[in-house]
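Colleague: What follows is my_file.txt, made up of compact mmCIF, C-alpha atoms and all ligand atoms:
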```
# COMPACT_ATOMS: atom_id res chain seq x y z
CA MET A 1 11.12 -20.69 -16.73
CA ALA A 2 12.00 -20.63 -13.02
CA ARG A 3 9.32 -19.40 -10.67
CA SER A 4 9.58 -15.87 -9.33
CA LYS A 5 10.71 -15.44 -5.73
CA ILE A 6 8.62 -13.33 -3.39
CA ALA A 7 10.05 -12.33 -0.02
CA LEU A 8 7.70 -11.10 2.68
CA ILE A 9 9.52 -9.17 5.41
CA GLY A 10 7.16 -9.32 8.37
CA ALA A 11 5.04 -12.44 8.78
CA GLY A 12 2.29 -11.00 10.96
CA GLN A 13 -1.35 -10.44 10.03
CA ILE A 14 -0.67 -8.85 6.63
CA GLY A 15 2.42 -10.98 5.92
CA GLY A 16 0.54 -14.25 6.43
CA THR A 17 -2.35 -13.08 4.26
CA LEU A 18 0.10 -11.96 1.54
CA ALA A 19 1.68 -15.42 1.53
CA HIS A 20 -1.69 -17.11 1.19
CA LEU A 21 -2.81 -14.84 -1.66
CA ALA A 22 0.53 -15.17 -3.47
CA GLY A 23 0.04 -18.94 -3.31
CA LEU A 24 -3.56 -18.89 -4.49
CA LYS A 25 -2.54 -16.70 -7.44
CA GLU A 26 0.60 -18.78 -8.14
CA LEU A 27 2.77 -15.66 -8.25
CA GLY A 28 5.89 -17.61 -7.27
CA ASP A 29 7.73 -19.24 -4.39
CA VAL A 30 7.36 -17.42 -1.08
CA VAL A 31 9.86 -16.74 1.71
CA LEU A 32 8.39 -15.38 4.94
CA PHE A 33 10.87 -13.49 7.12
CA ASP A 34 10.26 -12.37 10.70
CA ILE A 35 12.19 -11.83 13.91
CA ALA A 36 9.52 -13.78 15.83
CA ASP A 37 11.15 -17.21 15.63
CA GLY A 38 8.82 -19.98 14.50
CA VAL A 39 6.08 -17.68 13.18
CA PRO A 40 7.28 -17.42 9.56
CA GLN A 41 8.13 -21.13 9.54
CA GLY A 42 4.74 -22.08 11.01
CA LYS A 43 2.72 -19.89 8.67
CA GLY A 44 4.73 -21.09 5.66
CA LEU A 45 4.12 -24.74 6.53
CA ASP A 46 0.42 -24.16 7.24
CA ILE A 47 -0.09 -22.48 3.84
CA ALA A 48 1.96 -25.15 2.05
CA GLU A 49 -0.40 -27.72 3.57
CA SER A 50 -3.39 -25.88 2.11
CA ALA A 51 -1.91 -26.05 -1.41
CA PRO A 52 -2.99 -29.64 -2.16
CA VAL A 53 -6.59 -28.69 -1.26
CA ASP A 54 -6.65 -25.52 -3.35
CA GLY A 55 -4.42 -26.92 -6.09
CA PHE A 56 -1.59 -24.43 -6.32
CA ASP A 57 2.12 -25.07 -6.75
CA ALA A 58 4.51 -22.89 -4.82
CA LYS A 59 7.19 -23.41 -2.20
CA PHE A 60 6.85 -21.71 1.19
CA SER A 61 9.65 -21.25 3.67
CA GLY A 62 10.16 -19.26 6.83
CA ALA A 63 13.33 -17.58 8.04
CA SER A 64 14.82 -15.19 10.57
CA ASP A 65 18.03 -14.63 8.62
CA TYR A 66 18.19 -12.10 5.79
CA ALA A 67 20.23 -14.52 3.66
CA ALA A 68 16.88 -16.24 2.92
CA ILE A 69 15.66 -13.29 0.82
CA GLU A 70 18.66 -13.52 -1.52
CA GLY A 71 17.75 -12.87 -5.14
CA ALA A 72 14.08 -12.08 -4.46
CA ASP A 73 12.19 -10.59 -7.42
CA VAL A 74 9.57 -8.89 -5.24
CA ILE A 75 9.77 -7.93 -1.58
CA ILE A 76 6.77 -6.79 0.43
CA VAL A 77 7.59 -5.13 3.74
CA THR A 78 5.18 -5.19 6.69
CA ALA A 79 7.77 -5.51 9.47
CA GLY A 80 7.10 -3.28 12.45
CA VAL A 81 4.14 -2.57 14.67
CA PRO A 82 0.54 -1.69 13.75
CA ARG A 83 -1.56 0.82 15.67
CA LYS A 84 -3.98 0.20 18.50
CA PRO A 85 -7.22 2.11 19.24
CA GLY A 86 -6.44 5.74 20.08
CA MET A 87 -3.15 5.75 18.17
CA SER A 88 -2.52 7.59 14.92
CA ARG A 89 -0.28 6.07 12.24
CA ASP A 90 2.27 8.77 13.08
CA ASP A 91 2.64 7.42 16.65
CA LEU A 92 4.46 4.42 15.15
CA ILE A 93 7.28 6.43 13.64
CA GLY A 94 9.99 5.88 16.31
CA ILE A 95 9.73 2.07 16.42
CA ASN A 96 9.11 1.49 12.74
CA LEU A 97 11.92 3.77 11.56
CA LYS A 98 14.42 1.53 13.37
CA VAL A 99 12.82 -1.51 11.76
CA MET A 100 13.16 0.10 8.30
CA GLU A 101 16.88 0.59 8.92
CA SER A 102 17.47 -3.14 9.46
CA VAL A 103 15.12 -4.11 6.61
CA GLY A 104 16.90 -1.65 4.29
CA GLN A 105 20.30 -3.14 5.14
CA GLY A 106 18.98 -6.66 4.49
CA ILE A 107 17.61 -5.65 1.09
CA LYS A 108 20.81 -3.81 0.16
CA GLN A 109 22.91 -6.86 0.97
CA TYR A 110 20.77 -9.66 -0.42
CA ALA A 111 18.21 -8.38 -2.94
CA PRO A 112 19.27 -5.05 -4.45
CA ASN A 113 17.48 -5.85 -7.73
CA ALA A 114 14.06 -6.54 -6.20
CA PHE A 115 10.90 -4.51 -6.72
CA VAL A 116 9.96 -3.47 -3.20
CA ILE A 117 6.50 -2.63 -1.88
CA CYS A 118 6.39 -1.06 1.57
CA ILE A 119 3.26 -1.28 3.73
CA THR A 120 4.64 -0.38 7.17
CA ASN A 121 3.14 2.81 8.66
CA PRO A 122 3.36 5.76 8.70
CA LEU A 123 3.52 4.74 5.07
CA ASP A 124 4.74 7.78 3.16
CA ALA A 125 7.59 8.39 5.61
CA MET A 126 8.56 4.71 5.98
CA VAL A 127 8.84 4.13 2.21
CA TRP A 128 10.96 7.29 1.95
CA ALA A 129 13.25 6.06 4.74
CA LEU A 130 13.41 2.52 3.33
CA GLN A 131 14.58 3.90 -0.02
CA LYS A 132 17.36 5.81 1.75
CA PHE A 133 18.43 2.82 3.89
CA SER A 134 18.31 0.31 1.02
CA GLY A 135 19.74 2.54 -1.72
CA LEU A 136 17.19 1.15 -4.19
CA PRO A 137 16.61 3.13 -7.39
CA ALA A 138 13.50 5.28 -7.10
CA ASN A 139 11.62 3.29 -9.79
CA LYS A 140 12.01 0.03 -7.83
CA ILE A 141 10.33 0.99 -4.56
CA VAL A 142 6.76 2.06 -3.87
CA GLY A 143 4.38 2.32 -0.95
CA MET A 144 0.99 0.60 -0.81
CA ALA A 145 -1.83 2.87 0.34
CA GLY A 146 -3.80 4.31 -2.59
CA VAL A 147 -5.02 0.94 -3.86
CA LEU A 148 -6.40 0.21 -0.39
CA ASP A 149 -7.88 3.67 0.16
CA SER A 150 -9.49 3.54 -3.30
CA ALA A 151 -10.83 0.04 -2.63
CA ARG A 152 -12.47 1.25 0.57
CA PHE A 153 -14.09 4.15 -1.31
CA ARG A 154 -15.20 1.77 -4.11
CA HIS A 155 -16.79 -0.56 -1.57
CA PHE A 156 -18.76 2.28 0.05
CA LEU A 157 -19.86 3.60 -3.35
CA ALA A 158 -20.91 0.19 -4.74
CA ASP A 159 -22.87 -0.45 -1.56
CA GLU A 160 -24.65 2.92 -1.82
CA PHE A 161 -25.42 2.58 -5.53
CA LYS A 162 -26.24 -1.16 -5.35
CA VAL A 163 -23.97 -1.92 -8.29
CA SER A 164 -21.03 -4.26 -8.79
CA VAL A 165 -17.75 -3.18 -7.22
CA GLU A 166 -16.19 -4.02 -10.60
CA ASP A 167 -17.94 -1.08 -12.25
CA VAL A 168 -16.89 1.47 -9.66
CA THR A 169 -13.52 3.19 -10.03
CA ALA A 170 -12.17 5.53 -7.40
CA PHE A 171 -9.26 7.87 -7.22
CA VAL A 172 -7.62 8.58 -3.85
CA LEU A 173 -4.37 10.54 -3.83
CA GLY A 174 -2.00 12.20 -1.39
CA GLY A 175 -0.51 10.82 1.80
CA HIS A 176 -1.97 7.83 3.65
CA GLY A 177 -3.35 9.83 6.54
CA ASP A 178 -6.70 11.23 7.55
CA ASP A 179 -6.12 14.11 5.12
CA MET A 180 -5.76 11.83 2.07
CA VAL A 181 -7.48 13.17 -1.03
CA PRO A 182 -10.43 11.18 -2.47
CA LEU A 183 -11.07 12.86 -5.84
CA VAL A 184 -14.78 12.58 -6.62
CA ARG A 185 -14.42 14.16 -10.08
CA TYR A 186 -12.15 11.32 -11.17
CA SER A 187 -14.19 8.56 -9.49
CA THR A 188 -16.87 6.93 -11.60
CA VAL A 189 -19.53 4.30 -12.06
CA ALA A 190 -18.90 2.77 -15.51
CA GLY A 191 -17.18 5.99 -16.58
CA VAL A 192 -19.85 8.38 -15.22
CA PRO A 193 -18.22 10.76 -12.69
CA LEU A 194 -19.69 10.91 -9.18
CA PRO A 195 -20.84 14.58 -9.41
CA ASP A 196 -22.99 13.57 -12.43
CA LEU A 197 -24.50 10.72 -10.41
CA VAL A 198 -25.48 13.23 -7.72
CA LYS A 199 -27.22 15.28 -10.44
CA LEU A 200 -28.98 12.11 -11.65
CA GLY A 201 -30.29 11.52 -8.13
CA TRP A 202 -28.30 8.32 -7.50
CA THR A 203 -27.12 9.80 -4.23
CA THR A 204 -27.00 13.14 -2.46
CA GLN A 205 -24.05 15.47 -1.94
CA GLU A 206 -24.36 14.88 1.84
CA LYS A 207 -24.11 11.10 1.43
CA LEU A 208 -21.18 11.47 -0.95
CA ASP A 209 -19.38 13.74 1.52
CA ALA A 210 -20.00 11.18 4.27
CA MET A 211 -18.49 8.40 2.13
CA VAL A 212 -15.42 10.55 1.44
CA GLU A 213 -15.01 11.13 5.18
CA ARG A 214 -15.53 7.43 5.96
CA THR A 215 -12.82 6.59 3.40
CA ARG A 216 -10.40 9.01 5.08
CA LYS A 217 -11.03 7.37 8.44
CA GLY A 218 -11.34 3.83 6.99
CA GLY A 219 -8.24 2.47 8.70
CA GLY A 220 -9.31 3.81 12.10
CA GLU A 221 -12.79 2.28 11.72
CA ILE A 222 -11.23 -1.19 11.45
CA VAL A 223 -8.72 -0.54 14.27
CA ASN A 224 -11.60 0.43 16.57
CA LEU A 225 -13.52 -2.73 15.69
CA LEU A 226 -10.57 -5.14 15.97
CA LYS A 227 -9.07 -3.50 19.08
CA THR A 228 -5.90 -5.64 18.82
CA GLY A 229 -4.42 -4.59 15.48
CA SER A 230 -5.25 -3.03 12.15
CA ALA A 231 -6.75 -4.10 8.83
CA PHE A 232 -5.01 -6.90 6.97
CA TYR A 233 -7.20 -8.60 4.34
CA ALA A 234 -7.71 -5.55 2.11
CA PRO A 235 -4.15 -4.22 2.63
CA ALA A 236 -2.73 -7.60 1.59
CA ALA A 237 -5.02 -7.87 -1.46
CA SER A 238 -3.95 -4.37 -2.52
CA ALA A 239 -0.22 -5.10 -2.31
CA ILE A 240 -0.69 -8.37 -4.20
CA ALA A 241 -2.36 -6.44 -7.06
CA MET A 242 0.76 -4.24 -7.24
CA ALA A 243 3.14 -7.22 -7.11
CA GLU A 244 1.17 -9.02 -9.82
CA SER A 245 1.30 -5.98 -12.10
CA TYR A 246 5.11 -6.00 -11.80
CA LEU A 247 5.66 -9.75 -12.12
CA ARG A 248 3.25 -10.17 -15.06
CA ASP A 249 4.13 -6.81 -16.68
CA LYS A 250 0.44 -5.89 -16.64
CA LYS A 251 1.14 -2.16 -16.64
CA ARG A 252 -1.81 -1.45 -14.39
CA VAL A 253 -2.47 2.17 -13.45
CA LEU A 254 -2.60 2.14 -9.66
CA PRO A 255 -2.44 4.87 -7.03
CA CYS A 256 0.73 4.24 -5.02
CA ALA A 257 3.18 6.22 -2.92
CA ALA A 258 5.84 6.86 -5.56
CA HIS A 259 9.02 8.90 -5.60
CA LEU A 260 8.36 12.24 -7.29
CA SER A 261 11.06 14.23 -9.01
CA GLY A 262 9.21 17.34 -10.13
CA GLN A 263 5.79 15.84 -10.90
CA TYR A 264 2.98 17.63 -9.06
CA GLY A 265 5.59 20.25 -8.15
CA ILE A 266 7.20 17.87 -5.63
CA ASP A 267 10.82 16.80 -5.50
CA GLY A 268 12.26 13.99 -3.41
CA LEU A 269 9.14 12.83 -1.54
CA PHE A 270 7.00 9.70 -1.84
CA ILE A 271 3.38 10.75 -2.32
CA GLY A 272 0.29 8.84 -3.42
CA VAL A 273 -0.23 9.41 -7.17
CA PRO A 274 -1.39 7.21 -10.08
CA ILE A 275 1.52 5.27 -11.59
CA VAL A 276 2.01 2.56 -14.21
CA ILE A 277 3.56 -0.60 -12.71
CA GLY A 278 5.18 -2.97 -15.19
CA ALA A 279 8.32 -5.07 -15.63
CA ALA A 280 10.51 -1.97 -15.26
CA GLY A 281 8.92 -1.08 -11.93
CA VAL A 282 7.42 2.40 -11.82
CA GLU A 283 7.19 3.07 -15.57
CA ARG A 284 5.29 6.34 -15.58
CA VAL A 285 3.65 8.84 -13.25
CA LEU A 286 0.25 10.06 -14.37
CA GLU A 287 -0.21 13.76 -13.64
CA VAL A 288 -3.82 14.91 -13.36
CA GLU A 289 -5.02 18.48 -13.13
CA PHE A 290 -6.44 19.70 -9.84
CA ASN A 291 -9.06 22.38 -9.36
CA ALA A 292 -8.49 24.91 -6.55
CA ASP A 293 -10.22 22.83 -3.86
CA GLU A 294 -8.42 19.64 -4.83
CA LYS A 295 -5.08 21.46 -4.93
CA ALA A 296 -5.66 22.82 -1.42
CA MET A 297 -6.46 19.30 -0.12
CA PHE A 298 -3.42 17.82 -1.90
CA ASP A 299 -1.11 20.54 -0.53
CA LYS A 300 -2.38 19.90 3.01
CA SER A 301 -1.73 16.18 2.65
CA VAL A 302 1.76 16.82 1.26
CA ALA A 303 2.49 19.16 4.19
CA SER A 304 1.64 16.33 6.63
CA VAL A 305 4.02 13.98 4.82
CA LYS A 306 6.76 16.63 4.93
CA GLY A 307 6.22 16.92 8.68
CA LEU A 308 6.74 13.16 9.07
CA ILE A 309 9.93 13.26 7.02
CA GLU A 310 11.29 16.03 9.24
CA ALA A 311 10.45 13.88 12.28
CA CYS A 312 12.39 10.96 10.74
CA LYS A 313 15.39 13.21 10.13
CA GLY A 314 15.19 14.35 13.75
CA ILE A 315 15.20 10.75 15.02
CA ASN A 316 17.94 9.45 12.73
CA GLY A 317 20.65 11.95 11.82
CA ALA A 318 21.87 9.76 8.94
CA LEU A 319 18.65 10.66 7.06
CA ALA A 320 19.11 14.44 7.32
P1 LIG B 1 1.62 -7.43 12.76
O1 LIG B 1 0.60 -8.50 12.66
O2 LIG B 1 2.00 -6.93 14.10
O3 LIG B 1 2.92 -7.92 11.96
C1 LIG B 1 4.12 -7.22 11.97
C2 LIG B 1 5.24 -8.26 12.04
O4 LIG B 1 6.48 -7.56 11.94
C3 LIG B 1 5.27 -9.06 13.35
O5 LIG B 1 5.14 -10.44 13.07
C4 LIG B 1 6.63 -8.72 13.97
O6 LIG B 1 7.24 -9.81 14.63
C5 LIG B 1 7.41 -8.32 12.72
N1 LIG B 1 8.58 -7.49 13.01
C6 LIG B 1 8.73 -6.52 13.95
N2 LIG B 1 9.97 -6.01 13.89
C7 LIG B 1 10.61 -6.66 12.88
C8 LIG B 1 11.93 -6.59 12.33
N3 LIG B 1 12.83 -5.74 12.81
N4 LIG B 1 12.23 -7.40 11.29
C9 LIG B 1 11.32 -8.28 10.80
N5 LIG B 1 10.07 -8.40 11.29
C10 LIG B 1 9.72 -7.61 12.32
O7 LIG B 1 1.15 -6.14 11.92
P2 LIG B 1 0.31 -6.10 10.53
O8 LIG B 1 0.80 -7.17 9.63
O9 LIG B 1 -1.14 -6.02 10.86
O10 LIG B 1 0.75 -4.65 10.01
C11 LIG B 1 2.07 -4.44 9.58
C12 LIG B 1 2.31 -2.96 9.29
O11 LIG B 1 1.48 -2.54 8.19
C13 LIG B 1 2.01 -2.00 10.44
O12 LIG B 1 3.02 -1.00 10.51
C14 LIG B 1 0.67 -1.38 10.04
O13 LIG B 1 0.48 -0.10 10.60
C15 LIG B 1 0.85 -1.31 8.54
N6 LIG B 1 -0.39 -1.17 7.77
C16 LIG B 1 -0.35 -0.32 6.71
C17 LIG B 1 -1.48 -0.14 5.93
C18 LIG B 1 -1.43 0.79 4.77
O14 LIG B 1 -2.42 0.95 4.09
C19 LIG B 1 -0.22 1.51 4.46
C20 LIG B 1 -2.66 -0.85 6.24
C21 LIG B 1 -2.66 -1.71 7.31
C22 LIG B 1 -1.50 -1.87 8.09
```
For the structure just supplied, provide its representation as structure tokens.
Ligand code: A3D
Modeller:
Amino acid sequence: MARSKIALIGAGQIGGTLAHLAGLKELGDVVLFDIADGVPQGKGLDIAESAPVDGFDAKFSGASDYAAIEGADVIIVTAGVPRKPGMSRDDLIGINLKVMESVGQGIKQYAPNAFVICITNPLDAMVWALQKFSGLPANKIVGMAGVLDSARFRHFLADEFKVSVEDVTAFVLGGHGDDMVPLVRYSTVAGVPLPDLVKLGWTTQEKLDAMVERTRKGGGEIVNLLKTGSAFYAPAASAIAMAESYLRDKKRVLPCAAHLSGQYGIDGLFIGVPIVIGAAGVERVLEVEFNADEKAMFDKSVASVKGLIEACKGINGALA
């Protein structure tokens, strides 16, 4: 059987890491696309030269012409600009919306059957706009945020409890902003919910609250440390998990920004919710029940996403 084709639109910090991980996991042949001439070609060649050492077989190529993504099975979009210290994700909207327009046209022309994962920020608005510009069916385009936000929460929890990260599950829903919704009731250590672990004395409510807050601000913590860009290792790993679930029909249940058509009382927005990703793309949306507090947090997060969508419509009349 022919290898799958993975197109990475944006070959910056996340794009390069995606290419390397896709190679190490032998997910398929990789095309890196970027407007910065030489960068996708250089990164592709560098990774190809690591393959004999690590023992993986995949072709890597770089391009600045959309024709190179023709027939891609999976496309991961990181094109645009990341934030710098002092910036919020929402400050990127003007520049990155224009980028989504050109990316959407490229996908529409050359790879309309691909499963597309958007990473460009502000995530929930950019994936919404990319769907409009590309015309992709709603089950073939998702945004990466929840896997990353949950991974950050899992890391903090495993560190606090001194247990393996493998045994910690975490549930983070809503938009990918500072009002995202880490759901402690649905987060567990080996199936035991976090509130029970507080009762057992494994941690205190104050420490748990602090970890929730650190998760919400997790992206900013890295931006402040790096000073020249934003996180890229964990974002790339998260998107690769989503791509792998699609390509290998694993049907993993992952929190992603998915198009909702009535679920959670929302119609026509992309919001972070648990979905099943398999060979058909988004195969199912898992609806969980909220208590009053959780519902209030979720509604607040959804309101922020709605605000971003209105801003997009204001910038580009074609989206209104
Ligand atoms: P960076 O290393 O700057 O890479 C972005 C690349 O996009 C650069 O190589 C640019 O040359 C390229 N580019 C710019 N405009 C275009 C265009 N029109 N067509 C093709 N390529 C273009 O950034 P990065 O890789 O660190 O981050 C990429 C994006 O991901 C940013 O918007 C970040 O804010 C976002 N991000 C999202 C998350 C989420 O969890 C959602 C996490 C981390 C970063």
Colleague: Of the candidates A:Asp90, A:Glu160, A:Glu283, A:Asp54, which one gets nearest to Lys25 (chain A) if we count all atoms listed in the file?
Modeller: A:Asp54
Colleague: Please report, as JSON lines, each residue of chain A lying at most 8 Å from ligand LIG 1 (chain B), together with the nearest pair of atoms and the separation in Å rounded to one decimal; use all atoms listed in the file, and order rows by chain and ascending residue number.
Modeller:
```
{"residue": "A:Ile9", "atom": "CA", "partner": "B:LIG1", "partner_atom": "C9", "distance": 5.8}
{"residue": "A:Gly10", "atom": "CA", "partner": "B:LIG1", "partner_atom": "O4", "distance": 4.0}
{"residue": "A:Ala11", "atom": "CA", "partner": "B:LIG1", "partner_atom": "O5", "distance": 4.7}
{"residue": "A:Gly12", "atom": "CA", "partner": "B:LIG1", "partner_atom": "O3", "distance": 3.3}
{"residue": "A:Gln13", "atom": "CA", "partner": "B:LIG1", "partner_atom": "O1", "distance": 3.8}
{"residue": "A:Ile14", "atom": "CA", "partner": "B:LIG1", "partner_atom": "O8", "distance": 3.7}
{"residue": "A:Gly15", "atom": "CA", "partner": "B:LIG1", "partner_atom": "O8", "distance": 5.6}
{"residue": "A:Gly16", "atom": "CA", "partner": "B:LIG1", "partner_atom": "O8", "distance": 7.8}
{"residue": "A:Phe33", "atom": "CA", "partner": "B:LIG1", "partner_atom": "C9", "distance": 6.4}
{"residue": "A:Asp34", "atom": "CA", "partner": "B:LIG1", "partner_atom": "N5", "distance": 4.0}
{"residue": "A:Ile35", "atom": "CA", "partner": "B:LIG1", "partner_atom": "C9", "distance": 4.8}
{"residue": "A:Ala36", "atom": "CA", "partner": "B:LIG1", "partner_atom": "O6", "distance": 4.7}
{"residue": "A:Val39", "atom": "CA", "partner": "B:LIG1", "partner_atom": "O5", "distance": 7.3}
{"residue": "A:Ser64", "atom": "CA", "partner": "B:LIG1", "partner_atom": "C9", "distance": 7.7}
{"residue": "A:Val77", "atom": "CA", "partner": "B:LIG1", "partner_atom": "C12", "distance": 8.0}
{"residue": "A:Thr78", "atom": "CA", "partner": "B:LIG1", "partner_atom": "C11", "distance": 4.3}
{"residue": "A:Ala79", "atom": "CA", "partner": "B:LIG1", "partner_atom": "O4", "distance": 3.5}
{"residue": "A:Gly80", "atom": "CA", "partner": "B:LIG1", "partner_atom": "C6", "distance": 3.9}
{"residue": "A:Val81", "atom": "CA", "partner": "B:LIG1", "partner_atom": "O12", "distance": 4.6}
{"residue": "A:Pro82", "atom": "CA", "partner": "B:LIG1", "partner_atom": "O13", "distance": 3.5}
{"residue": "A:Arg83", "atom": "CA", "partner": "B:LIG1", "partner_atom": "O13", "distance": 5.5}
{"residue": "A:Arg89", "atom": "CA", "partner": "B:LIG1", "partner_atom": "O13", "distance": 6.4}
{"residue": "A:Leu92", "atom": "CA", "partner": "B:LIG1", "partner_atom": "O12", "distance": 7.3}
{"residue": "A:Asn96", "atom": "CA", "partner": "B:LIG1", "partner_atom": "O12", "distance": 6.9}
{"residue": "A:Lys98", "atom": "CA", "partner": "B:LIG1", "partner_atom": "N3", "distance": 7.5}
{"residue": "A:Val99", "atom": "CA", "partner": "B:LIG1", "partner_atom": "N3", "distance": 4.4}
{"residue": "A:Met100", "atom": "CA", "partner": "B:LIG1", "partner_atom": "N3", "distance": 7.4}
{"residue": "A:Ser102", "atom": "CA", "partner": "B:LIG1", "partner_atom": "N3", "distance": 6.3}
{"residue": "A:Val103", "atom": "CA", "partner": "B:LIG1", "partner_atom": "N4", "distance": 6.4}
{"residue": "A:Cys118", "atom": "CA", "partner": "B:LIG1", "partner_atom": "C19", "distance": 7.7}
{"residue": "A:Ile119", "atom": "CA", "partner": "B:LIG1", "partner_atom": "C19", "distance": 4.5}
{"residue": "A:Thr120", "atom": "CA", "partner": "B:LIG1", "partner_atom": "O12", "distance": 3.8}
{"residue": "A:Asn121", "atom": "CA", "partner": "B:LIG1", "partner_atom": "O12", "distance": 4.2}
{"residue": "A:Pro122", "atom": "CA", "partner": "B:LIG1", "partner_atom": "O13", "distance": 6.8}
{"residue": "A:Leu123", "atom": "CA", "partner": "B:LIG1", "partner_atom": "C19", "distance": 5.0}
{"residue": "A:Gly143", "atom": "CA", "partner": "B:LIG1", "partner_atom": "C19", "distance": 7.1}
{"residue": "A:Met144", "atom": "CA", "partner": "B:LIG1", "partner_atom": "C19", "distance": 5.5}
{"residue": "A:Ala145", "atom": "CA", "partner": "B:LIG1", "partner_atom": "O14", "distance": 4.3}
{"residue": "A:Gly146", "atom": "CA", "partner": "B:LIG1", "partner_atom": "O14", "distance": 7.6}
{"residue": "A:Leu148", "atom": "CA", "partner": "B:LIG1", "partner_atom": "O14", "distance": 6.0}
{"residue": "A:Asp149", "atom": "CA", "partner": "B:LIG1", "partner_atom": "O14", "distance": 7.3}
{"residue": "A:His176", "atom": "CA", "partner": "B:LIG1", "partner_atom": "C19", "distance": 6.6}
{"residue": "A:Gly219", "atom": "CA", "partner": "B:LIG1", "partner_atom": "C20", "distance": 6.9}
{"residue": "A:Gly229", "atom": "CA", "partner": "B:LIG1", "partner_atom": "O9", "distance": 5.8}
{"residue": "A:Ser230", "atom": "CA", "partner": "B:LIG1", "partner_atom": "O9", "distance": 5.2}
{"residue": "A:Ala231", "atom": "CA", "partner": "B:LIG1", "partner_atom": "C21", "distance": 5.0}
{"residue": "A:Phe232", "atom": "CA", "partner": "B:LIG1", "partner_atom": "O9", "distance": 5.6}
{"residue": "A:Pro235", "atom": "CA", "partner": "B:LIG1", "partner_atom": "C20", "distance": 5.2}
```
Colleague: Using all atoms listed in the file, can you tell me which of A:Ala63, A:Leu18, A:Val285, A:Ala292 comes closest to Leu260 (chain A)?
Modeller: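 When distances to Leu260 (chain A) are compared using all atoms listed in the file, the smallest one comes from A:Val285.
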Colleague: Excluding Phe156 (chain A) and any residue of its chain fewer than 4 positions from it, enumerate the residues within 9 Å of it, using only C-alpha atoms, and give them as number ranges by chain.
Modeller: A: 151-152, 160-161, 211, 214-215
Colleague: For each of A:Met126, A:Ser304, A:Trp202, A:Val192, take the minimum atom-to-atom distance to Lys162 (chain A), counting only C-alpha atoms, then give the residue where this is smallest.
Modeller: A:Trp202
Colleague: My list of candidates is A:Leu157, A:Val127, A:Val142, A:Ile277. Which is closest to Ala210 (chain A) when distances are computed with all atoms listed in the file?
Modeller: A:Leu157
Colleague: Just to confirm, what's the straight-line distance from CA of Glu244 (chain A) to CA of Lys59 (chain A) in Å (one decimal)?
Modeller: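 CA of Glu244 (chain A) sits 17.4 Å away from CA of Lys59 (chain A).
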